>>> print(open('upload07.pdb').read())   # PDB, C-alpha atoms and all ligand atoms
MODEL        1
ATOM      1  CA  MET A1075     -14.757   4.016 -19.527
ATOM      2  CA  ASN A1076     -10.950   3.686 -19.579
ATOM      3  CA  ASP A1077      -9.143   0.381 -18.936
ATOM      4  CA  LEU A1078      -8.265   1.284 -15.348
ATOM      5  CA  ASN A1079     -11.913   1.983 -14.506
ATOM      6  CA  GLU A1080     -12.846  -1.342 -16.077
ATOM      7  CA  LEU A1081     -10.129  -3.129 -14.050
ATOM      8  CA  GLU A1082     -11.392  -1.452 -10.873
ATOM      9  CA  LYS A1083     -14.953  -2.561 -11.629
ATOM     10  CA  GLN A1084     -13.889  -6.156 -12.287
ATOM     11  CA  ALA A1085     -11.706  -6.270  -9.162
ATOM     12  CA  ARG A1086     -14.511  -4.964  -6.930
ATOM     13  CA  GLN A1087     -16.986  -7.406  -8.481
ATOM     14  CA  SER A1088     -14.645 -10.329  -7.823
ATOM     15  CA  HIS A1089     -13.990  -9.120  -4.249
ATOM     16  CA  VAL A1090     -10.292  -8.421  -4.780
ATOM     17  CA  PRO A1091      -9.527  -6.147  -1.802
ATOM     18  CA  ILE A1092      -8.347  -3.090  -3.709
ATOM     19  CA  MET A1093      -8.138   0.284  -2.023
ATOM     20  CA  MET A1094     -11.332   2.237  -1.321
ATOM     21  CA  ASP A1095     -12.063   5.112  -3.704
ATOM     22  CA  SER A1096     -11.542   7.857  -1.117
ATOM     23  CA  GLY A1097      -8.190   6.299  -0.155
ATOM     24  CA  MET A1098      -7.085   6.165  -3.776
ATOM     25  CA  LEU A1099      -8.108   9.777  -4.392
ATOM     26  CA  PHE A1100      -6.082  10.782  -1.343
ATOM     27  CA  LEU A1101      -3.038   8.734  -2.427
ATOM     28  CA  THR A1102      -2.968  10.009  -6.013
ATOM     29  CA  GLY A1103      -3.678  13.560  -4.776
ATOM     30  CA  TYR A1104      -0.735  13.284  -2.380
ATOM     31  CA  ILE A1105       1.581  12.105  -5.176
ATOM     32  CA  ARG A1106       0.310  14.844  -7.505
ATOM     33  CA  SER A1107       0.975  17.554  -4.929
ATOM     34  CA  HIS A1108       4.522  16.260  -4.254
ATOM     35  CA  PRO A1109       6.388  16.508  -7.591
ATOM     36  CA  GLY A1110       9.544  15.094  -5.966
ATOM     37  CA  ILE A1111       7.924  11.658  -5.718
ATOM     38  CA  MET A1112       9.368   9.605  -8.555
ATOM     39  CA  ARG A1113      10.374   6.261  -7.043
ATOM     40  CA  ILE A1114       7.613   4.325  -5.320
ATOM     41  CA  LEU A1115       7.676   0.985  -3.534
ATOM     42  CA  GLU A1116       4.376  -0.788  -2.928
ATOM     43  CA  ALA A1117       3.852  -3.809  -0.666
ATOM     44  CA  GLY A1118       0.678  -5.627  -1.803
ATOM     45  CA  THR A1119       0.046  -5.448  -5.571
ATOM     46  CA  ALA A1120      -3.182  -7.483  -5.898
ATOM     47  CA  VAL A1121      -4.147  -7.058  -9.589
ATOM     48  CA  GLY A1122      -1.953  -3.979 -10.129
ATOM     49  CA  TRP A1123      -4.713  -1.355  -9.888
ATOM     50  CA  SER A1124      -3.101   0.890  -7.269
ATOM     51  CA  SER A1125       0.350   0.645  -8.932
ATOM     52  CA  MET A1126      -1.147   1.795 -12.205
ATOM     53  CA  LYS A1127      -3.147   4.601 -10.566
ATOM     54  CA  MET A1128       0.073   5.863  -8.936
ATOM     55  CA  ALA A1129       2.137   5.521 -12.132
ATOM     56  CA  GLU A1130      -0.552   7.359 -14.081
ATOM     57  CA  VAL A1131      -0.039  10.535 -12.019
ATOM     58  CA  ARG A1132       3.211  11.462 -13.840
ATOM     59  CA  GLU A1133       5.342   9.882 -16.528
ATOM     60  CA  ASN A1134       8.533  10.145 -14.476
ATOM     61  CA  ILE A1135       7.198   7.754 -11.815
ATOM     62  CA  THR A1136       8.485   4.190 -11.465
ATOM     63  CA  VAL A1137       6.981   1.611  -9.119
ATOM     64  CA  ASP A1138       8.437  -1.547  -7.581
ATOM     65  CA  THR A1139       5.476  -3.535  -6.323
ATOM     66  CA  ILE A1140       5.581  -6.795  -4.377
ATOM     67  CA  GLU A1141       2.951  -9.531  -4.308
ATOM     68  CA  ILE A1142       3.114 -12.860  -2.481
ATOM     69  CA  ASP A1143       0.202 -14.617  -4.203
ATOM     70  CA  GLY A1144       1.010 -16.330  -7.521
ATOM     71  CA  ASP A1145      -2.385 -15.841  -9.093
ATOM     72  CA  MET A1146      -2.534 -12.142  -8.173
ATOM     73  CA  TYR A1147       1.041 -11.686  -9.401
ATOM     74  CA  ARG A1148       0.226 -13.193 -12.810
ATOM     75  CA  GLN A1149      -2.907 -11.076 -13.204
ATOM     76  CA  ALA A1150      -0.996  -7.926 -12.222
ATOM     77  CA  VAL A1151       1.797  -8.624 -14.727
ATOM     78  CA  GLU A1152      -0.757  -9.136 -17.495
ATOM     79  CA  ASN A1153      -2.816  -6.047 -16.586
ATOM     80  CA  ILE A1154       0.292  -3.871 -16.415
ATOM     81  CA  ARG A1155       1.539  -5.218 -19.743
ATOM     82  CA  ASN A1156      -1.856  -4.584 -21.368
ATOM     83  CA  ALA A1157      -1.777  -1.007 -20.080
ATOM     84  CA  GLY A1158       1.671  -0.489 -21.633
ATOM     85  CA  LEU A1159       3.238   0.246 -18.232
ATOM     86  CA  SER A1160       5.725  -2.640 -17.956
ATOM     87  CA  ASP A1161       8.629  -0.246 -18.467
ATOM     88  CA  ARG A1162       7.696   1.719 -15.316
ATOM     89  CA  ILE A1163       6.000  -0.796 -13.005
ATOM     90  CA  PHE A1164       8.029  -3.815 -11.889
ATOM     91  CA  VAL A1165       6.110  -6.588 -10.159
ATOM     92  CA  HIS A1166       8.072  -8.857  -7.795
ATOM     93  CA  HIS A1167       6.615 -12.201  -6.788
ATOM     94  CA  MET A1168       7.637 -12.748  -3.144
ATOM     95  CA  ASP A1169       6.946 -11.920   0.471
ATOM     96  CA  ALA A1170       7.583  -8.175   0.848
ATOM     97  CA  VAL A1171       9.979  -8.796   3.739
ATOM     98  CA  ASN A1172      12.218 -10.805   1.406
ATOM     99  CA  PHE A1173      12.530  -7.997  -1.125
ATOM    100  CA  GLU A1174      16.144  -6.808  -0.995
ATOM    101  CA  THR A1175      17.351  -3.807  -2.931
ATOM    102  CA  ALA A1176      19.943  -1.065  -2.663
ATOM    103  CA  SER A1177      17.469   1.461  -4.123
ATOM    104  CA  TYR A1178      16.027   4.396  -2.226
ATOM    105  CA  TYR A1179      12.375   5.309  -2.562
ATOM    106  CA  ASP A1180      10.534   8.604  -2.187
ATOM    107  CA  LEU A1181       7.272   6.908  -1.225
ATOM    108  CA  PHE A1182       6.392   3.546   0.306
ATOM    109  CA  PHE A1183       2.779   2.473  -0.022
ATOM    110  CA  ILE A1184       2.150  -0.321   2.489
ATOM    111  CA  ASP A1185      -0.978  -2.337   1.670
ATOM    112  CA  ALA A1186      -0.054  -6.021   2.212
ATOM    113  CA  ALA A1187      -0.695  -8.223   5.293
ATOM    114  CA  LYS A1188      -2.102  -5.901   7.960
ATOM    115  CA  SER A1189      -0.539  -7.816  10.869
ATOM    116  CA  GLN A1190       2.939  -7.362   9.365
ATOM    117  CA  TYR A1191       3.079  -3.576   9.063
ATOM    118  CA  ARG A1192       5.780  -3.189  11.720
ATOM    119  CA  LYS A1193       7.968  -5.754   9.912
ATOM    120  CA  TYR A1194       7.548  -3.979   6.568
ATOM    121  CA  LEU A1195       8.363  -0.612   8.110
ATOM    122  CA  GLU A1196      11.589  -1.875   9.687
ATOM    123  CA  HIS A1197      12.539  -3.872   6.582
ATOM    124  CA  PHE A1198      12.173  -0.880   4.243
ATOM    125  CA  TYR A1199      13.492   1.797   6.615
ATOM    126  CA  PRO A1200      17.078   1.361   5.251
ATOM    127  CA  ASN A1201      15.703   2.091   1.757
ATOM    128  CA  SER A1202      14.288   5.429   2.897
ATOM    129  CA  TYR A1203      15.967   8.796   3.535
ATOM    130  CA  VAL A1204      15.007  11.805   5.645
ATOM    131  CA  GLY A1205      12.032  13.137   3.693
ATOM    132  CA  SER A1206      10.785   9.756   2.374
ATOM    133  CA  VAL A1207       7.164   9.056   3.153
ATOM    134  CA  PHE A1208       5.404   5.850   4.206
ATOM    135  CA  ILE A1209       1.664   5.629   3.582
ATOM    136  CA  PHE A1210      -0.269   2.854   5.348
ATOM    137  CA  ASP A1211      -3.835   1.839   4.510
ATOM    138  CA  ASN A1212      -6.409  -0.113   6.565
ATOM    139  CA  LEU A1213      -5.453   1.240   9.976
ATOM    140  CA  ASN A1214      -9.142   1.170  10.956
ATOM    141  CA  PHE A1215      -9.813  -2.245   9.441
ATOM    142  CA  HIS A1216     -13.475  -1.491   8.689
ATOM    143  CA  GLY A1217     -13.959   0.185  12.064
ATOM    144  CA  ILE A1218     -13.089  -2.975  14.025
ATOM    145  CA  VAL A1219      -9.765  -1.604  15.339
ATOM    146  CA  ASP A1220     -11.618   0.985  17.428
ATOM    147  CA  HIS A1221     -14.791  -1.062  17.902
ATOM    148  CA  PRO A1222     -13.796  -4.688  18.537
ATOM    149  CA  GLU A1223     -17.425  -5.464  19.432
ATOM    150  CA  LEU A1224     -18.132  -5.322  15.657
ATOM    151  CA  SER A1225     -16.438  -8.719  15.171
ATOM    152  CA  GLU A1226     -16.659 -12.066  16.900
ATOM    153  CA  ASN A1227     -13.990 -13.659  14.757
ATOM    154  CA  ARG A1228     -10.921 -14.445  16.913
ATOM    155  CA  SER A1229      -8.316 -14.114  14.175
ATOM    156  CA  THR A1230      -9.814 -10.794  13.011
ATOM    157  CA  LEU A1231      -9.719  -9.518  16.601
ATOM    158  CA  GLN A1232      -6.108 -10.646  17.007
ATOM    159  CA  MET A1233      -5.185  -8.859  13.800
ATOM    160  CA  THR A1234      -7.025  -5.669  14.706
ATOM    161  CA  ARG A1235      -5.297  -5.604  18.111
ATOM    162  CA  LYS A1236      -1.975  -5.780  16.230
ATOM    163  CA  ILE A1237      -3.061  -2.937  13.936
ATOM    164  CA  LEU A1238      -3.987  -0.833  16.982
ATOM    165  CA  ARG A1239      -0.586  -1.481  18.608
ATOM    166  CA  PHE A1240       1.150  -0.623  15.336
ATOM    167  CA  ARG A1241      -0.876   2.590  14.944
ATOM    168  CA  GLU A1242      -0.163   3.721  18.506
ATOM    169  CA  ARG A1243       3.560   3.013  18.208
ATOM    170  CA  LEU A1244       3.731   4.734  14.832
ATOM    171  CA  MET A1245       2.149   7.905  16.247
ATOM    172  CA  GLN A1246       4.895   7.960  18.920
ATOM    173  CA  ASP A1247       7.787   6.896  16.683
ATOM    174  CA  ARG A1248      10.234   9.811  16.812
ATOM    175  CA  ARG A1249      11.813   8.840  13.478
ATOM    176  CA  PHE A1250       8.608  10.000  11.747
ATOM    177  CA  LYS A1251       6.140  12.838  11.664
ATOM    178  CA  THR A1252       2.833  11.013  11.316
ATOM    179  CA  GLU A1253      -0.617  12.255  10.382
ATOM    180  CA  PHE A1254      -3.481   9.814  10.787
ATOM    181  CA  TYR A1255      -6.608  10.274   8.652
ATOM    182  CA  PRO A1256      -9.235   7.986  10.173
ATOM    183  CA  GLU A1257     -12.022   9.126   7.881
ATOM    184  CA  ILE A1258     -10.139   8.545   4.608
ATOM    185  CA  GLY A1259     -10.200   5.150   2.890
ATOM    186  CA  ASP A1260     -10.016   2.491   5.584
ATOM    187  CA  GLY A1261      -7.883   4.692   7.845
ATOM    188  CA  ILE A1262      -4.697   6.069   6.330
ATOM    189  CA  ALA A1263      -1.477   7.182   8.012
ATOM    190  CA  VAL A1264       1.137   9.320   6.319
ATOM    191  CA  SER A1265       4.531   9.100   8.038
ATOM    192  CA  GLU A1266       7.341  11.342   6.861
ATOM    193  CA  ARG A1267      10.792  10.254   7.941
ATOM    194  CA  ILE A1268      12.425  13.052   9.930
ATOM    195  CA  LEU A1269      15.363  11.185  11.577
TER     196      LEU A1269
HETATM  197  C1  LIG B   1      -5.266  -5.036  -0.007
HETATM  198  S1  LIG B   1      -4.548  -6.022  -1.262
HETATM  199  C2  LIG B   1      -3.641  -4.858  -2.225
HETATM  200  C3  LIG B   1      -4.520  -3.947  -3.034
HETATM  201  C4  LIG B   1      -3.775  -3.060  -3.999
HETATM  202  N1  LIG B   1      -2.736  -2.298  -3.327
HETATM  203  C5  LIG B   1      -4.771  -2.105  -4.643
HETATM  204  O1  LIG B   1      -5.298  -1.215  -3.934
HETATM  205  O2  LIG B   1      -4.999  -2.227  -5.864
HETATM  206  C6  LIG B   1      -3.260  -6.823  -0.374
HETATM  207  C7  LIG B   1      -2.389  -7.727  -1.230
HETATM  208  O3  LIG B   1      -1.207  -8.013  -0.460
HETATM  209  C8  LIG B   1      -0.792  -9.337  -0.735
HETATM  210  N2  LIG B   1       0.077  -9.765   0.364
HETATM  211  C9  LIG B   1      -0.279 -10.258   1.578
HETATM  212  N3  LIG B   1       0.806 -10.503   2.310
HETATM  213  C10 LIG B   1       1.872 -10.153   1.559
HETATM  214  C11 LIG B   1       3.288 -10.171   1.773
HETATM  215  N4  LIG B   1       3.795 -10.598   2.936
HETATM  216  N5  LIG B   1       4.102  -9.742   0.799
HETATM  217  C12 LIG B   1       3.576  -9.284  -0.379
HETATM  218  N6  LIG B   1       2.254  -9.249  -0.646
HETATM  219  C13 LIG B   1       1.421  -9.682   0.311
HETATM  220  C14 LIG B   1      -2.117 -10.105  -0.846
HETATM  221  O4  LIG B   1      -1.941 -11.316  -1.567
HETATM  222  C15 LIG B   1      -3.027  -9.085  -1.554
HETATM  223  O5  LIG B   1      -3.023  -9.279  -2.952
ENDMDL
END
>>> encode(input="upload07.pdb", output="structure tokens", more="lines below")
Ligand SMILES: C[S@@+](CC[C@H](N)C(=O)[O-])C[C@H]1O[C@@H](n2cnc3c(N)ncnc32)[C@H](O)[C@@H]1O
Amino acid sequence: MNDLNELEKQARQSHVPIMMDSGMLFLTGYIRSHPGIMRILEAGTAVGWSSMKMAEVRENITVDTIEIDGDMYRQAVENIRNAGLSDRIFVHHMDAVNFETASYYDLFFIDAAKSQYRKYLEHFYPNSYVGSVFIFDNLNFHGIVDHPELSENRSTLQMTRKILRFRERLMQDRRFKTEFYPEIGDGIAVSERIL
């Protein structure tokens, strides 16, 4: 078992909310089939698993990844250092909406606070170009977005209503060509900037 498989196993055992396997296969497959993707920005690092899976696809890939939680940030930095990827994956400890850079990215992987997806999209839009792609995970939120009767928790329902509004607006956003894959991962959207 390689180190990344071991990290995945540990993260799942400790209930760190890393991406579902089918979502990760889709994401890495997407990057593999688009050789132009070299600069990636990720919102929501957790322990660094998804950053490393993305960086592993090709050696010319660099990742800026942003994590708000101090403990997660420290674990990610250590895991990335142990994997020898610190020269290609840069972990930033802050709220993703405070990350300011003049860099442009080929791919944005948005996997941080689900209720903030609109904010992240608008914040990072100036760092994209026509052809950049945003990938969003958790747009089903375990099926609750489309079936609110599955939860009785008020804050979960509030959040899933926000996700639904975001998803509907994204599908109609004329700046992007969006494909929604409800059956992959926890509901993934791929939005290519066209304007
Ligand atoms: C679903 S997990 C990320 C999983 C990771 N992408 C993976 O698949 O390996 C979401 C992470 O986003 C972080 N997060 C939540 N709100 C954030 C924010 N505003 N800015 C940056 N990170 C945030 C959480 O602390 C959590 O570690």
>>> resolve_selection(input="upload07.pdb", expression="the PyMOL selection byres (((not hetatm)) within 7 of (chain B and resi 1))", output="PDB file with C-alpha atoms, in the coordinates of the input")
ATOM      1  CA  PRO A1091      -9.527  -6.147  -1.802  1.00  0.00           C
ATOM      2  CA  ILE A1092      -8.347  -3.090  -3.709  1.00  0.00           C
ATOM      3  CA  MET A1093      -8.138   0.284  -2.023  1.00  0.00           C
ATOM      4  CA  ALA A1117       3.852  -3.809  -0.666  1.00  0.00           C
ATOM      5  CA  GLY A1118       0.678  -5.627  -1.803  1.00  0.00           C
ATOM      6  CA  THR A1119       0.046  -5.448  -5.571  1.00  0.00           C
ATOM      7  CA  ALA A1120      -3.182  -7.483  -5.898  1.00  0.00           C
ATOM      8  CA  VAL A1121      -4.147  -7.058  -9.589  1.00  0.00           C
ATOM      9  CA  GLY A1122      -1.953  -3.979 -10.129  1.00  0.00           C
ATOM     10  CA  TRP A1123      -4.713  -1.355  -9.888  1.00  0.00           C
ATOM     11  CA  SER A1124      -3.101   0.890  -7.269  1.00  0.00           C
ATOM     12  CA  SER A1125       0.350   0.645  -8.932  1.00  0.00           C
ATOM     13  CA  ILE A1140       5.581  -6.795  -4.377  1.00  0.00           C
ATOM     14  CA  GLU A1141       2.951  -9.531  -4.308  1.00  0.00           C
ATOM     15  CA  ILE A1142       3.114 -12.860  -2.481  1.00  0.00           C
ATOM     16  CA  ASP A1143       0.202 -14.617  -4.203  1.00  0.00           C
ATOM     17  CA  MET A1146      -2.534 -12.142  -8.173  1.00  0.00           C
ATOM     18  CA  MET A1168       7.637 -12.748  -3.144  1.00  0.00           C
ATOM     19  CA  ASP A1169       6.946 -11.920   0.471  1.00  0.00           C
ATOM     20  CA  ALA A1170       7.583  -8.175   0.848  1.00  0.00           C
ATOM     21  CA  VAL A1171       9.979  -8.796   3.739  1.00  0.00           C
ATOM     22  CA  ASP A1185      -0.978  -2.337   1.670  1.00  0.00           C
ATOM     23  CA  ALA A1186      -0.054  -6.021   2.212  1.00  0.00           C
ATOM     24  CA  ALA A1187      -0.695  -8.223   5.293  1.00  0.00           C
TER      25      ALA A1187
END
>>> atom_distance(input="upload07.pdb", atom1="CA of Gly1259 in chain A", atom2="CA of Ser1096 in chain A")
5.0 Å
>>> residues_around(input="upload07.pdb", residues="range 1189-1202 of chain A", least_positions_apart="6", cutoff="8 Å", atoms="all atoms listed in the file", output="mmCIF file with C-alpha atoms, in the frame of the given file")
data_model
loop_
_atom_site.group_PDB
_atom_site.id
_atom_site.type_symbol
_atom_site.label_atom_id
_atom_site.label_comp_id
_atom_site.auth_asym_id
_atom_site.auth_seq_id
_atom_site.Cartn_x
_atom_site.Cartn_y
_atom_site.Cartn_z
ATOM 1 C CA ALA A 1170 7.583 -8.175 0.848
ATOM 2 C CA VAL A 1171 9.979 -8.796 3.739
ATOM 3 C CA THR A 1175 17.351 -3.807 -2.931
ATOM 4 C CA ALA A 1176 19.943 -1.065 -2.663
ATOM 5 C CA SER A 1177 17.469 1.461 -4.123
ATOM 6 C CA TYR A 1178 16.027 4.396 -2.226
ATOM 7 C CA TYR A 1179 12.375 5.309 -2.562
ATOM 8 C CA ASP A 1180 10.534 8.604 -2.187
ATOM 9 C CA MET A 1233 -5.185 -8.859 13.800
ATOM 10 C CA THR A 1234 -7.025 -5.669 14.706
ATOM 11 C CA LYS A 1236 -1.975 -5.780 16.230
ATOM 12 C CA ILE A 1237 -3.061 -2.937 13.936
ATOM 13 C CA PHE A 1240 1.150 -0.623 15.336
ATOM 14 C CA ARG A 1267 10.792 10.254 7.941
#
>>> closest_residue(input="upload07.pdb", among="A:Leu1115, A:Val1165, A:Ile1262, A:Val1204", to="Tyr1147 in chain A", atoms="all atoms listed in the file")
A:Val1165
>>> closest_residue(input="upload07.pdb", among="A:Gly1110, A:Val1151, A:Ile1209, A:Glu1266", to="Arg1132 in chain A", atoms="all atoms listed in the file")
A:Gly1110
